[in-house]
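Beneath this line is the structure, given in structure tokens, with notes to follow.
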Amino acid sequence: MSTFSIVSRRRFLQLTGLAASGLVLGAVVPRNVALAGILDQAEGSQLNVFVSVATDGTVEIIAHRSEMGTGIRTSLPQVVADEMQADWQRVKVIQAHGDARYGSQNTDGSRSVRDFYHIMRQMGAAARTLLEQAAAATWQVPVEECAAHDHAVHHGSGKRLGFGELAARAAELPLPDLETLRLKDTADFRYIGKDVPIVDLQDMITGNATYGIDVHVPGMLYASIERTPWLQGRIASYDSSAALAVKGVLDVVELKAVDGAPGFNPVEGVAVIATNNYSALKGRAALRVRWRESEHSSHSAESYLDELVSRVEGGAGQVRRQRGDVDAALADAASVVEATYRTPYLAHASMEPPVATARVTDDGCEIWACTQTPQATRRIVAETLDLDVAAVTVHVTLLGGGFGRKSKPDFSVEAARLASHVGKPVQVVWSREDDIRHDYFHACSAQHFKGALDEDGRVTAWLGREAAPPIGSTFDTSVRINSSGGLSQGFASVPFAVPNLRIESHEAPGHVRIGWLRSVYNVPYAFGVGSFVDELAHAAGRDPADFWLQLIGEDRLLDFSPEGFEYSNYGRSLSEYPFATARTRTVIRELVASIPWGEELPPGQGWGLSVANSFLSDVAVASKVDVTDGRLRVLELHGVIDAGRVINPDRVHAQMEGGMIFGLSLALNGEITFSGGEAQQSNFHDYPIARMDQVPGVIRSHIVASDAAPTGVGEPPTPPTAPAIANAVFAATGKRIRELPLSKHFDV
Amino acid sequence: MKLTINGNLTELEAEPDMPLLWALRDLLGLRGTKYGCGKGLCGACTVHLDGQPRRSCQLTVADAANGEITTIEGLSAEGAHPLQQAWREYNVPQCGYCQAGQLMSASALLASNPEPSDEEINTAMAGNLCRCGTYPRIRTAIKSTFADAAANANAKAGSGEDAS
């Protein structure tokens with residue numbers, strides 16, 4: 001059961017560092033709301049979300065999730081404001097520090113709205129109820145005669161009291177039971193479902209927004225760190241004399257790595273500390289470091305992927321999901337189609353690299369960082385400096401992109417260690433080269449499929465076999481095979497109505513830090529699955545859209561347990577968030593209806609499509625391409641999303657546009673390779689991300705109208721994009737692309 | 001050393017080979033200009049030098065000393081530049097980090113070519129990377145500053161359609 005309590009002014013101050021006056025509300029909601037995502041540490045059993053009303057009428061709403069471009073600092077507060085009947089113009093959004101009392105602040109897994117929509121409604125409704133009760137008590141009328149709207153409580157007699165006038169009285173009232181609160185009728189929504197501009201817009205376009213790199217603490221020094229070129233490398237020796245001779249360089253500091261799996265800890269490095277970034281970079285260039293080899297210093301991406309391919313093509317792996325008898329069906333098939341796909345390692349390359357600032361004093365440590373995980377940052381910094389968690393404060397800045405990289409707090413640990421060492425505030429700025437060479441890389445993969453077709457072109461058997469280095473290997477070096485959670489991301493969870501189906505995995509030990517990037521394993525798996533369905537459709541002589549619809553089959557709710565697969569459903573139960581194939585089919589139908597699918601095109605042009613369910617949402621993407629004289633141009637991208645109820649349609653469209661472009665970028669350009677354990681790419685010249693002139697002139701997004709519970713938006717547009725483009729390339733040229741990126745095959 | 005930045009003559013102590021980017025950010029506290037790559041590959045640090053778009057990570061303070069430098073902080077008072085207005089109208093930013101550079105490149109383009117073609121926009125803006133993928137809206141916003149009202153309406157519809 002939920003409880004609801006007034007938070008004392010003192011505690012509000014502790015939590016936010018703000019001077020609050022008037023009404024301060026705190027909600028404590030059940031622990032099952034703070035759900036574990038991918039490697040989420042279940043950061044706290046309780047969730048506290050705060051609204052305050054100042055006596056001048058200003059409503060302060062705490063944003064406890066990190067803003068990295070999704071618009072979350074706007075979307076969740078707009079839910080509170082709506083339920084509260086507040087005037088958005090008088091709402092001030094305040095960024096929370098990292099604090100376990102908020103519940104999970106781990107902003108990844110496309111779940112901020114999913115996990116907090118209902119709670120934010122309750123928060124707003126509780127505030128409204130208290131203000132109405134305060135007005136009723138003031139006027140000595142029944143509360144039923146009082147109604148809040150437009151930032152004031154009104155009475156039928158014409159009396160009116162503003163929220164600010166009621167704040168002090170409301171703060172003295174007992175709190176309503178959250179579960180019995182009256183929520184607004186959805187027809188009365190004023191902000192939910194509306195295009196509210198993001199609260200940071202003006203700062204972003206005038207250069208006034210504060211990202212991690214813009215933090216300035218008096219007396220602050222800058223650090224640039226030379227890190228081990230391969231995983232588990234250690235300093236053999238170094239010469240700092242030339243670095244120390246550079247004007248502005250103050251110190252050179254060894255940062256030893258902790259033993260064991262890398263986890264969230266920094267890798268080994270040598271830091272150059274200076275009075276400005278330029279001196280730090282110059283000093284670092286003058287540093288001479290020799291590194292000891294490790295078991296990973298011979299890692300080659302090419303031979304590793306060759307090895308994974310030979311495993312998936314070579315024979316049976318560990319069975320993860322099984323239905324019927326695939327081998328018998330393959331033996332009896334009218335025809336068998338088989339194909340192997342390989343996808344490369346990827347780097348995040350957010351426009352702002354990782355940056356953290358730390359100040360260590362006798363009282364503890366303060367961190368300012370562009371972090372997706374302020375609580376993990378707080379814990380690991382406390383551990384590193386041997387401090388109480390309470391002695392560490394983590395200020396969350398805006399993030400210049402995150403995409404999962406900034407879920408890892410290693411860069412804040414570096415800043416904390418250096419600040420502690422030099423006794424002055426230190427800002428650690430990762431260069432672009434650092435960011436790309438020392439990323440928590442997105443897993444590469446090898447995937448092998450076999451499909452059996454009967455004489456009518458129907459699929460009678462589906463075999464999928466994968467090998468991809470697991471994220472778990474970053475945290476436990478004995479983990480060598482992808483988890484059920486990983487395989488739940490579109491590989492073992494294929495929603496196909498085929499009588500015989502088997503999913504297998506092979507080992508793929510980690511040789512680099514494996515992290516997670518926008519939509520995680522859905523990126524490679526949607527490419528393999530989405531391409532292979534298209535191959536089957538063509539082999540069957542069928543229209544790919546019709547083929548997808550038939551393969552998914554009649555509308556039903558999926559249950560994987562009878563087939564031995566432990567489906568994660570992104571941390572939620574299937575009873576709460578069923579996997580409904582009707583949604584997947586609907587986005588395909590709506591997509592096809594929105595484009596001239598099947599139109600006659602000139603030679604060299606083609607349409608392709610794909611679909612993926614991820615983060616409890618469904619997205620179908622279609623692409624139109626032109627391939628002339630070996631040059632590939634993507635002419636159009638169209639996407640349809642069903643993400644349940646949408647809070648801010650404009651931001652959902654923005655995520656659709658951006659998510660498809662992110663998918664286009666990795667499809668066209670994305671590849672990190674390793675040789676001798678070292679990443680071979682270092683900056684945007686050899687790890688290109690999509691440029692404006694690579695982005696189609698036509699890019700459309702459509703939202704399926706829904707009043708179902710909200711589901712993910714930030715990640716789901718990305719997975720179906722690469723296969724949609726590759727399938728369009730096949731339609732245009734007859735050439736089947738089974739290895740990304742497309743720049744290996746075409747001039748892009 | 002003296003620099004003219006946003007119309008103000010500013011004195012600073014810096015090594016002459018220091019990139020303007022770091023001088024602006026670390027020495028002068030003008031942090032609207034962003035670091036993205038340090039190699040002139042991403043455009044996040046774009047400023048104007050005598051009206052021309054320049055990557056401030058590739059420009060030393062010595063190079064910049066004789067010219068008029070404009071940064072995002074000096075593009076307009078209160079964000080009133082027509083492009084900033086258009087950026088608001090079309091809700092262009094996502095994470096926002098690259099947008100200062102985008103605005104500086106776009107404003108330099110319009111200053112020399114008030115009605116660029118799609119091709120000219122692509123060419124002028126191809127050096128400004130956006131990892132969030134705000135390119136379609138950047139294009140729409142740039143075009144809205146010179147296209148007529150009807151074209152604006154079409155362009156806006158093109159950036160996304162609502163479910164209804």
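Just so we're on the same page: first chain in the structure tokens is A, next is B, and so on; residues restart at 1 for each chain, and ligands are numbered from 1 in the order they show up.
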Please identify all residues of chain A having at least one atom at most 7 Å from any atom of chain B, considering only C-alpha atoms, and return them as JSON, numbers by chain. {"A": [68, 69, 70, 71, 197, 201, 204, 205, 206, 207, 208, 214, 276, 277, 278, 350, 351, 352, 399, 400, 401, 431, 432, 649, 653, 657, 658, 661, 662, 683, 684, 685, 691, 692, 693, 700, 701, 702, 703, 704, 705]}
Members of region 227-473 of chain A assigned strand (DSSP E or B) by DSSP, as a PDB file with C-alpha atoms, in the first residue's frame:
ATOM      1  CA  ARG A 227      44.234   5.130 -20.412  1.00  0.00           C
ATOM      2  CA  ARG A 234      48.429  -2.029 -16.469  1.00  0.00           C
ATOM      3  CA  ILE A 235      51.072   0.672 -16.419  1.00  0.00           C
ATOM      4  CA  ALA A 236      54.518  -0.836 -17.026  1.00  0.00           C
ATOM      5  CA  SER A 237      56.324   2.490 -16.755  1.00  0.00           C
ATOM      6  CA  TYR A 238      55.834   6.116 -17.616  1.00  0.00           C
ATOM      7  CA  ASP A 239      57.833   9.271 -18.048  1.00  0.00           C
ATOM      8  CA  VAL A 249      50.529  21.488 -16.093  1.00  0.00           C
ATOM      9  CA  LEU A 250      50.565  21.068 -12.319  1.00  0.00           C
ATOM     10  CA  ASP A 251      50.710  17.369 -11.668  1.00  0.00           C
ATOM     11  CA  VAL A 252      50.809  13.904 -13.204  1.00  0.00           C
ATOM     12  CA  VAL A 253      48.939  11.229 -11.272  1.00  0.00           C
ATOM     13  CA  GLU A 254      48.794   7.467 -11.651  1.00  0.00           C
ATOM     14  CA  LEU A 255      45.311   6.015 -11.493  1.00  0.00           C
ATOM     15  CA  GLY A 269      45.492   5.455 -16.546  1.00  0.00           C
ATOM     16  CA  VAL A 270      47.871   8.341 -16.016  1.00  0.00           C
ATOM     17  CA  ALA A 271      46.246  11.719 -15.458  1.00  0.00           C
ATOM     18  CA  VAL A 272      47.680  15.094 -16.370  1.00  0.00           C
ATOM     19  CA  ILE A 273      46.293  17.883 -14.217  1.00  0.00           C
ATOM     20  CA  ALA A 274      46.450  21.456 -15.425  1.00  0.00           C
ATOM     21  CA  ARG A 288      55.194   8.562 -22.397  1.00  0.00           C
ATOM     22  CA  VAL A 289      53.439   5.511 -20.984  1.00  0.00           C
ATOM     23  CA  ARG A 290      54.283   1.858 -21.583  1.00  0.00           C
ATOM     24  CA  TRP A 291      51.535  -0.644 -20.911  1.00  0.00           C
ATOM     25  CA  ARG A 292      51.752  -4.227 -19.788  1.00  0.00           C
ATOM     26  CA  GLN A 318      22.664 -24.078 -25.784  1.00  0.00           C
ATOM     27  CA  VAL A 319      18.897 -24.326 -26.379  1.00  0.00           C
ATOM     28  CA  ARG A 320      17.078 -21.306 -24.960  1.00  0.00           C
ATOM     29  CA  ARG A 321      13.571 -21.771 -26.318  1.00  0.00           C
ATOM     30  CA  GLN A 322      11.987 -24.729 -28.083  1.00  0.00           C
ATOM     31  CA  ARG A 323       8.653 -25.574 -29.667  1.00  0.00           C
ATOM     32  CA  SER A 335      12.621 -25.556 -49.243  1.00  0.00           C
ATOM     33  CA  VAL A 336      15.064 -24.423 -46.599  1.00  0.00           C
ATOM     34  CA  VAL A 337      16.506 -20.928 -46.409  1.00  0.00           C
ATOM     35  CA  GLU A 338      19.554 -20.203 -44.316  1.00  0.00           C
ATOM     36  CA  ALA A 339      21.673 -17.146 -43.705  1.00  0.00           C
ATOM     37  CA  THR A 340      24.273 -15.762 -41.330  1.00  0.00           C
ATOM     38  CA  TYR A 341      24.517 -12.128 -40.284  1.00  0.00           C
ATOM     39  CA  ARG A 342      27.285 -10.262 -38.550  1.00  0.00           C
ATOM     40  CA  THR A 343      27.086  -6.943 -36.800  1.00  0.00           C
ATOM     41  CA  TYR A 345      30.949  -3.413 -32.179  1.00  0.00           C
ATOM     42  CA  LEU A 346      29.584   0.116 -31.834  1.00  0.00           C
ATOM     43  CA  VAL A 355      32.785  14.728 -18.088  1.00  0.00           C
ATOM     44  CA  ALA A 356      32.676  14.876 -14.307  1.00  0.00           C
ATOM     45  CA  THR A 357      33.727  17.413 -11.721  1.00  0.00           C
ATOM     46  CA  ALA A 358      34.530  16.542  -8.132  1.00  0.00           C
ATOM     47  CA  ARG A 359      35.256  18.522  -4.985  1.00  0.00           C
ATOM     48  CA  VAL A 360      36.461  16.687  -1.927  1.00  0.00           C
ATOM     49  CA  THR A 361      36.503  18.413   1.444  1.00  0.00           C
ATOM     50  CA  GLY A 364      32.658  14.685   1.970  1.00  0.00           C
ATOM     51  CA  CYS A 365      32.541  14.769  -1.792  1.00  0.00           C
ATOM     52  CA  GLU A 366      30.447  16.660  -4.289  1.00  0.00           C
ATOM     53  CA  ILE A 367      30.126  15.455  -7.870  1.00  0.00           C
ATOM     54  CA  TRP A 368      28.699  17.332 -10.828  1.00  0.00           C
ATOM     55  CA  ALA A 369      28.180  15.049 -13.778  1.00  0.00           C
ATOM     56  CA  VAL A 392      28.484  12.256  -1.253  1.00  0.00           C
ATOM     57  CA  THR A 393      26.292  14.680  -3.173  1.00  0.00           C
ATOM     58  CA  VAL A 394      25.714  14.098  -6.871  1.00  0.00           C
ATOM     59  CA  HIS A 395      24.463  17.064  -8.887  1.00  0.00           C
ATOM     60  CA  VAL A 396      22.936  16.015 -12.198  1.00  0.00           C
ATOM     61  CA  LEU A 398      21.962  18.198 -18.507  1.00  0.00           C
ATOM     62  CA  VAL A 426      39.032  18.611 -10.558  1.00  0.00           C
ATOM     63  CA  GLN A 427      37.104  18.292 -13.792  1.00  0.00           C
ATOM     64  CA  VAL A 428      37.888  15.192 -15.857  1.00  0.00           C
ATOM     65  CA  VAL A 429      37.153  15.845 -19.521  1.00  0.00           C
ATOM     66  CA  PHE A 441      31.251  -0.888 -26.419  1.00  0.00           C
ATOM     67  CA  HIS A 442      28.044  -2.183 -27.847  1.00  0.00           C
ATOM     68  CA  SER A 445      27.154 -10.428 -32.930  1.00  0.00           C
ATOM     69  CA  ALA A 446      26.952 -13.413 -35.214  1.00  0.00           C
ATOM     70  CA  GLN A 447      23.511 -14.806 -35.979  1.00  0.00           C
ATOM     71  CA  HIS A 448      22.580 -17.832 -38.011  1.00  0.00           C
ATOM     72  CA  PHE A 449      19.038 -18.664 -39.095  1.00  0.00           C
ATOM     73  CA  LYS A 450      17.330 -21.520 -40.846  1.00  0.00           C
ATOM     74  CA  GLY A 451      13.759 -21.363 -42.059  1.00  0.00           C
ATOM     75  CA  ALA A 452      11.663 -24.161 -43.473  1.00  0.00           C
ATOM     76  CA  LEU A 453       8.996 -23.290 -46.044  1.00  0.00           C
ATOM     77  CA  VAL A 459       7.113 -21.059 -42.505  1.00  0.00           C
ATOM     78  CA  THR A 460       7.048 -24.444 -40.780  1.00  0.00           C
ATOM     79  CA  ALA A 461      10.254 -24.076 -38.792  1.00  0.00           C
ATOM     80  CA  TRP A 462      12.411 -21.243 -37.448  1.00  0.00           C
ATOM     81  CA  LEU A 463      15.898 -21.826 -36.087  1.00  0.00           C
ATOM     82  CA  GLY A 464      17.832 -18.900 -34.637  1.00  0.00           C
ATOM     83  CA  ARG A 465      21.334 -19.289 -33.252  1.00  0.00           C
ATOM     84  CA  GLU A 466      23.341 -16.397 -31.859  1.00  0.00           C
ATOM     85  CA  ALA A 467      26.654 -15.525 -30.297  1.00  0.00           C
TER      86      ALA A 467
END
List every residue of region 564-730 of chain A that DSSP, applied to the backbone, labels as helix (DSSP H, G or I), and write the result as an MDAnalysis selection string. chainID A and resid 569:571 581:594 649:668 692:694 721:730
May I have the selected residues written with N, CA and C atoms, as a tab-separated table (two decimals), in the first residue's frame?
chain	number	residue	atom	x	y	z
A	569	ASN	N	10.50	-9.50	-20.41
A	569	ASN	CA	9.48	-8.46	-20.58
A	569	ASN	C	9.92	-7.13	-19.99
A	570	TYR	N	11.21	-6.84	-20.11
A	570	TYR	CA	11.78	-5.57	-19.65
A	570	TYR	C	11.43	-5.29	-18.19
A	571	GLY	N	11.44	-6.37	-17.42
A	571	GLY	CA	11.28	-6.20	-15.97
A	571	GLY	C	9.85	-6.14	-15.48
A	581	THR	N	0.36	-9.54	-29.78
A	581	THR	CA	0.80	-9.51	-31.18
A	581	THR	C	-0.07	-8.60	-32.03
A	582	ALA	N	-1.27	-8.30	-31.54
A	582	ALA	CA	-2.14	-7.39	-32.30
A	582	ALA	C	-1.46	-6.03	-32.48
A	583	ARG	N	-0.72	-5.60	-31.47
A	583	ARG	CA	-0.04	-4.30	-31.57
A	583	ARG	C	1.03	-4.34	-32.64
A	584	THR	N	1.77	-5.44	-32.67
A	584	THR	CA	2.85	-5.56	-33.65
A	584	THR	C	2.27	-5.54	-35.06
A	585	ARG	N	1.16	-6.26	-35.24
A	585	ARG	CA	0.55	-6.28	-36.57
A	585	ARG	C	-0.05	-4.93	-36.94
A	586	THR	N	-0.59	-4.24	-35.95
A	586	THR	CA	-1.20	-2.94	-36.23
A	586	THR	C	-0.17	-1.93	-36.74
A	587	VAL	N	1.02	-1.92	-36.13
A	587	VAL	CA	1.99	-0.93	-36.62
A	587	VAL	C	2.42	-1.25	-38.05
A	588	ILE	N	2.48	-2.54	-38.39
A	588	ILE	CA	2.81	-2.89	-39.78
A	588	ILE	C	1.71	-2.40	-40.71
A	589	ARG	N	0.47	-2.69	-40.35
A	589	ARG	CA	-0.65	-2.29	-41.22
A	589	ARG	C	-0.71	-0.77	-41.38
A	590	GLU	N	-0.55	-0.07	-40.26
A	590	GLU	CA	-0.62	1.40	-40.34
A	590	GLU	C	0.55	1.97	-41.15
A	591	LEU	N	1.69	1.32	-41.03
A	591	LEU	CA	2.85	1.78	-41.80
A	591	LEU	C	2.58	1.62	-43.29
A	592	VAL	N	2.15	0.43	-43.67
A	592	VAL	CA	1.94	0.16	-45.10
A	592	VAL	C	0.86	1.08	-45.66
A	593	ALA	N	-0.14	1.38	-44.83
A	593	ALA	CA	-1.22	2.26	-45.29
A	593	ALA	C	-0.74	3.70	-45.47
A	594	SER	N	0.37	4.05	-44.80
A	594	SER	CA	0.81	5.45	-44.83
A	594	SER	C	1.81	5.74	-45.93
A	649	PRO	N	3.24	14.33	-27.50
A	649	PRO	CA	3.38	13.78	-28.85
A	649	PRO	C	4.56	14.37	-29.62
A	650	ASP	N	4.81	15.67	-29.43
A	650	ASP	CA	5.93	16.28	-30.15
A	650	ASP	C	7.26	15.61	-29.78
A	651	ARG	N	7.42	15.29	-28.49
A	651	ARG	CA	8.68	14.64	-28.08
A	651	ARG	C	8.73	13.19	-28.56
A	652	VAL	N	7.58	12.55	-28.68
A	652	VAL	CA	7.57	11.19	-29.22
A	652	VAL	C	7.96	11.23	-30.71
A	653	HIS	N	7.41	12.18	-31.43
A	653	HIS	CA	7.82	12.34	-32.83
A	653	HIS	C	9.33	12.62	-32.91
A	654	ALA	N	9.81	13.47	-31.99
A	654	ALA	CA	11.25	13.79	-32.00
A	654	ALA	C	12.08	12.53	-31.77
A	655	GLN	N	11.63	11.68	-30.84
A	655	GLN	CA	12.36	10.43	-30.59
A	655	GLN	C	12.25	9.48	-31.78
A	656	MET	N	11.11	9.49	-32.43
A	656	MET	CA	10.96	8.65	-33.63
A	656	MET	C	11.93	9.13	-34.72
A	657	GLU	N	11.94	10.44	-34.96
A	657	GLU	CA	12.84	10.98	-35.98
A	657	GLU	C	14.29	10.66	-35.60
A	658	GLY	N	14.64	10.99	-34.37
A	658	GLY	CA	16.02	10.80	-33.93
A	658	GLY	C	16.40	9.33	-33.82
A	659	GLY	N	15.46	8.51	-33.35
A	659	GLY	CA	15.75	7.08	-33.19
A	659	GLY	C	15.95	6.40	-34.53
A	660	MET	N	15.16	6.80	-35.52
A	660	MET	CA	15.35	6.24	-36.87
A	660	MET	C	16.68	6.73	-37.46
A	661	ILE	N	17.02	7.99	-37.21
A	661	ILE	CA	18.29	8.50	-37.73
A	661	ILE	C	19.46	7.82	-37.02
A	662	PHE	N	19.28	7.53	-35.74
A	662	PHE	CA	20.32	6.78	-35.01
A	662	PHE	C	20.50	5.40	-35.65
A	663	GLY	N	19.38	4.77	-36.00
A	663	GLY	CA	19.43	3.46	-36.66
A	663	GLY	C	20.05	3.57	-38.05
A	664	LEU	N	19.71	4.62	-38.77
A	664	LEU	CA	20.30	4.85	-40.09
A	664	LEU	C	21.81	5.06	-39.96
A	665	SER	N	22.20	5.79	-38.93
A	665	SER	CA	23.61	6.08	-38.73
A	665	SER	C	24.41	4.81	-38.50
A	666	LEU	N	23.90	3.94	-37.62
A	666	LEU	CA	24.66	2.71	-37.37
A	666	LEU	C	24.59	1.78	-38.57
A	667	ALA	N	23.48	1.80	-39.31
A	667	ALA	CA	23.37	0.93	-40.48
A	667	ALA	C	24.36	1.37	-41.57
A	668	LEU	N	24.46	2.68	-41.78
A	668	LEU	CA	25.33	3.17	-42.85
A	668	LEU	C	26.80	3.14	-42.45
A	692	MET	N	23.92	15.58	-41.91
A	692	MET	CA	22.66	16.05	-42.47
A	692	MET	C	22.47	15.56	-43.91
A	693	ASP	N	23.56	15.52	-44.69
A	693	ASP	CA	23.39	15.14	-46.09
A	693	ASP	C	23.22	13.63	-46.28
A	694	GLN	N	23.29	12.84	-45.19
A	694	GLN	CA	22.97	11.41	-45.28
A	694	GLN	C	21.53	11.14	-44.84
A	721	THR	N	15.15	0.02	-37.94
A	721	THR	CA	15.59	0.90	-39.02
A	721	THR	C	16.66	0.25	-39.90
A	722	ALA	N	17.68	-0.36	-39.29
A	722	ALA	CA	18.75	-0.95	-40.11
A	722	ALA	C	18.20	-2.05	-41.02
A	723	PRO	N	17.39	-3.00	-40.50
A	723	PRO	CA	16.86	-4.00	-41.43
A	723	PRO	C	15.93	-3.40	-42.48
A	724	ALA	N	15.18	-2.35	-42.13
A	724	ALA	CA	14.31	-1.73	-43.14
A	724	ALA	C	15.15	-1.19	-44.29
A	725	ILE	N	16.29	-0.59	-43.97
A	725	ILE	CA	17.15	-0.04	-45.01
A	725	ILE	C	17.79	-1.18	-45.83
A	726	ALA	N	18.31	-2.20	-45.11
A	726	ALA	CA	18.95	-3.31	-45.83
A	726	ALA	C	17.94	-4.04	-46.71
A	727	ASN	N	16.71	-4.17	-46.24
A	727	ASN	CA	15.67	-4.82	-47.05
A	727	ASN	C	15.31	-3.98	-48.27
A	728	ALA	N	15.35	-2.67	-48.10
A	728	ALA	CA	15.11	-1.79	-49.25
A	728	ALA	C	16.25	-1.91	-50.26
A	729	VAL	N	17.46	-2.06	-49.75
A	729	VAL	CA	18.61	-2.25	-50.65
A	729	VAL	C	18.41	-3.53	-51.47
A	730	PHE	N	17.91	-4.58	-50.82
A	730	PHE	CA	17.65	-5.81	-51.57
A	730	PHE	C	16.60	-5.58	-52.64
CA of Ser310 (chain A) and CA of Ala333 (chain A) are how many Å apart? 24.6 Å
Can you tell me which residues surround Gly7 (chain B) at a distance of at most 8 Å, considering only C-alpha atoms, apart from same-chain residues fewer than 4 positions away, and format the answer as a list in words?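 Using only C-alpha atoms, the neighbours found are Glu68, Ile69 and Thr70 of chain B.
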Spatial neighbours of Gly676 (chain A), 12 Å, only C-alpha atoms, chain gap at least 6 places, as a PyMOL selection string: chain A and resi 229-231+233+293-304+511-512
Residue neighbourhood Asp629 (chain A), 10 Å, only C-alpha atoms, exclusion window fewer than 3 positions, as an MDAnalysis selection string: chainID A and resid 604 626 632 746:747
Surrounding residues of region 77-89 of chain A excluding itself and chain neighbours under 3 positions, 9 Å, only C-alpha atoms, as a ChimeraX atom specification: /A:51,59,61-63,72-74,92-93,117-129,148-152,163,183-184,189-192,196,647-648
So that I can see what lies close to Lys744 (chain A), please list as a list of chain:residue names the residues with an atom at most 10 Å from it, counting only C-alpha atoms and leaving out residues fewer than 5 positions away in the same chain. A:Leu668, A:Asn669, A:Glu671, A:Ile737, A:Glu739
Generate the output file for the selected residues, N, CA and C atoms, as a short mmCIF file (atom, residue, chain, number, x, y, z; two decimals), in the first residue's frame.
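The result, stored in again-v3.cif:
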data_model
loop_
_atom_site.label_atom_id
_atom_site.label_comp_id
_atom_site.auth_asym_id
_atom_site.auth_seq_id
_atom_site.Cartn_x
_atom_site.Cartn_y
_atom_site.Cartn_z
N LEU A 668 24.46 2.68 -41.78
CA LEU A 668 25.33 3.17 -42.85
C LEU A 668 26.80 3.14 -42.45
N ASN A 669 27.08 3.60 -41.22
CA ASN A 669 28.47 3.95 -40.89
C ASN A 669 29.07 3.21 -39.71
N GLU A 671 30.83 1.19 -37.07
CA GLU A 671 31.69 0.02 -36.85
C GLU A 671 32.92 0.41 -36.04
N ILE A 737 22.33 -7.81 -47.98
CA ILE A 737 23.40 -7.37 -47.09
C ILE A 737 23.29 -8.14 -45.78
N GLU A 739 26.03 -8.18 -43.58
CA GLU A 739 27.04 -7.66 -42.66
C GLU A 739 26.96 -6.14 -42.64
#
